[in-house]
Amino acid sequence: MGLFGIFKKNKQRQDIPYKFNFDKAPELLKIYKKYRILELDATKFSMSNTTSSTKKFIKATEQRNDYAYKTLAKAVYDKFNIIKPTLHKRRGEEGFFEWDVVFDKPFEELSENQLKCLVGLFDRKFVYELPDEYYND
């Protein structure tokens, strides 16, 4: 690869695993990858300070959120609503909660906060996390 091979266009490091263990839910990987691309696009535009980039950032953020809360959250809900794993609450009043207590309605009736919680299950950075077996770290 050479010393500067990591800087070649379209070259990605394959040795950095995802936090989420996609071996446990391989059907979610393709959906998550698209979400990450949309997320990175929004981040790219946020780093520039021009009127054009601000408009692009707003549009990219809307696209990311639309995909995250409709497509990705729905896929996560469909996968885990069958399994109903116990969730660990990481913020605020820590503890363990049953799936049906946290996601107590059909998908179409969930609040925006509940949708964010579904998406946040991938990176263990939001309010709840799945059991350890669903993560690589």
# chains A, B, ... in the order shown; residues from 1 in each chain; ligands from 1
>>> select_by_dssp(residues="chain A", states="alpha helix (DSSP H)", output="JSON, numbers by chain")
{"A": [29, 30, 31, 32, 33, 34, 35, 36, 37, 38, 39, 40, 41, 42, 43, 44, 45, 46, 51, 52, 53, 54, 55, 56, 57, 58, 59, 60, 61, 62, 63, 64, 65, 66, 73, 74, 75, 76, 77, 78, 79, 80, 81, 82, 83, 99, 100, 101, 102, 112, 113, 114, 115, 116, 117, 118, 119, 120]}
>>> residues_around(residues="stretch 35-52 of chain A", least_positions_apart="4", cutoff="10 Å", atoms="only C-alpha atoms", output="ChimeraX atom specification")
/A:29-31,56-68,71-72,119
>>> write_last_selection(atoms="N, CA and C atoms", output="CSV table (one decimal), in the first residue's frame")
chain,number,residue,atom,x,y,z
A,29,LEU,N,-27.0,-4.0,7.4
A,29,LEU,CA,-25.8,-3.4,7.0
A,29,LEU,C,-25.9,-2.4,5.8
A,30,LYS,N,-26.6,-2.9,4.7
A,30,LYS,CA,-26.7,-2.0,3.5
A,30,LYS,C,-27.5,-0.7,3.8
A,31,ILE,N,-28.5,-0.8,4.6
A,31,ILE,CA,-29.3,0.3,5.0
A,31,ILE,C,-28.5,1.3,5.8
A,56,LYS,N,-26.7,23.6,1.0
A,56,LYS,CA,-26.4,22.2,0.8
A,56,LYS,C,-26.5,21.4,2.1
A,57,PHE,N,-26.0,22.0,3.2
A,57,PHE,CA,-26.0,21.3,4.5
A,57,PHE,C,-27.4,21.1,4.9
A,58,ILE,N,-28.3,22.1,4.8
A,58,ILE,CA,-29.7,22.0,5.2
A,58,ILE,C,-30.4,20.9,4.4
A,59,LYS,N,-30.1,20.9,3.1
A,59,LYS,CA,-30.8,19.9,2.2
A,59,LYS,C,-30.2,18.5,2.6
A,60,ALA,N,-28.9,18.4,2.8
A,60,ALA,CA,-28.3,17.1,3.1
A,60,ALA,C,-28.8,16.6,4.5
A,61,THR,N,-29.0,17.5,5.4
A,61,THR,CA,-29.5,17.1,6.7
A,61,THR,C,-30.9,16.6,6.7
A,62,GLU,N,-31.7,17.3,5.9
A,62,GLU,CA,-33.1,16.8,5.7
A,62,GLU,C,-33.2,15.5,5.0
A,63,GLN,N,-32.3,15.2,4.0
A,63,GLN,CA,-32.3,13.9,3.4
A,63,GLN,C,-31.8,12.8,4.4
A,64,ARG,N,-30.8,13.1,5.2
A,64,ARG,CA,-30.3,12.2,6.2
A,64,ARG,C,-31.4,11.9,7.2
A,65,ASN,N,-32.0,12.9,7.7
A,65,ASN,CA,-33.0,12.7,8.7
A,65,ASN,C,-34.2,11.9,8.2
A,66,ASP,N,-34.6,12.2,7.0
A,66,ASP,CA,-35.7,11.5,6.3
A,66,ASP,C,-35.4,10.0,6.2
A,67,TYR,N,-34.2,9.7,5.7
A,67,TYR,CA,-33.8,8.3,5.6
A,67,TYR,C,-33.6,7.7,6.9
A,68,ALA,N,-33.0,8.4,7.9
A,68,ALA,CA,-32.8,7.8,9.2
A,68,ALA,C,-34.1,7.4,9.9
A,71,THR,N,-36.6,5.0,6.9
A,71,THR,CA,-36.0,3.7,6.4
A,71,THR,C,-35.2,3.0,7.4
A,72,LEU,N,-34.2,3.6,8.0
A,72,LEU,CA,-33.3,3.0,8.9
A,72,LEU,C,-34.0,2.6,10.2
A,119,VAL,N,-32.3,4.7,15.8
A,119,VAL,CA,-31.1,4.9,15.0
A,119,VAL,C,-29.9,4.9,15.9
>>> closest_residue(among="A:Asp137, A:Glu108, A:Trp99, A:Arg91", to="A:Phe122", atoms="only C-alpha atoms")
A:Asp137
>>> residues_around(residues="A:Leu110", least_positions_apart="3", cutoff="12 Å", atoms="only C-alpha atoms", output="MDAnalysis selection string")
chainID A and resid 69:70 73:74 77 100 102:107 113:118
>>> select_by_dssp(residues="chain A", states="strand (DSSP E or B)", output="short mmCIF file (atom, residue, chain, number, x, y, z; two decimals) with N, CA and C atoms, in the first residue's frame")
data_model
loop_
_atom_site.label_atom_id
_atom_site.label_comp_id
_atom_site.auth_asym_id
_atom_site.auth_seq_id
_atom_site.Cartn_x
_atom_site.Cartn_y
_atom_site.Cartn_z
N PHE A 20 -21.54 -1.68 15.81
CA PHE A 20 -22.64 -2.64 15.77
C PHE A 20 -22.15 -3.92 15.10
N LEU A 87 -33.26 -3.48 26.85
CA LEU A 87 -32.41 -2.34 26.53
C LEU A 87 -31.79 -1.75 27.79
N HIS A 88 -30.54 -1.32 27.65
CA HIS A 88 -29.86 -0.65 28.75
C HIS A 88 -29.96 0.85 28.52
N LYS A 89 -30.46 1.57 29.50
CA LYS A 89 -30.54 3.02 29.40
C LYS A 89 -29.23 3.60 29.89
N GLY A 95 -30.63 2.07 33.87
CA GLY A 95 -31.31 0.84 34.23
C GLY A 95 -31.58 0.02 33.00
N PHE A 96 -32.32 -1.03 33.17
CA PHE A 96 -32.68 -1.92 32.07
C PHE A 96 -34.18 -1.86 31.85
N PHE A 97 -34.56 -1.79 30.58
CA PHE A 97 -35.96 -1.63 30.22
C PHE A 97 -36.36 -2.63 29.15
N TYR A 128 -30.37 4.62 24.65
CA TYR A 128 -30.44 3.19 24.92
C TYR A 128 -29.40 2.42 24.11
N GLU A 129 -29.07 1.24 24.62
CA GLU A 129 -28.22 0.33 23.86
C GLU A 129 -28.75 -1.09 23.99
N TYR A 135 -22.79 -5.78 19.76
CA TYR A 135 -21.74 -4.81 19.48
C TYR A 135 -20.38 -5.50 19.40
#
>>> closest_residue(among="A:Gly92, A:Gly120, A:Pro131, A:Pro85", to="A:Tyr32", atoms="only C-alpha atoms")
A:Gly120
>>> closest_residue(among="A:Asn81, A:Thr86, A:Asn136, A:Thr54", to="A:Lys19", atoms="only C-alpha atoms")
A:Asn136
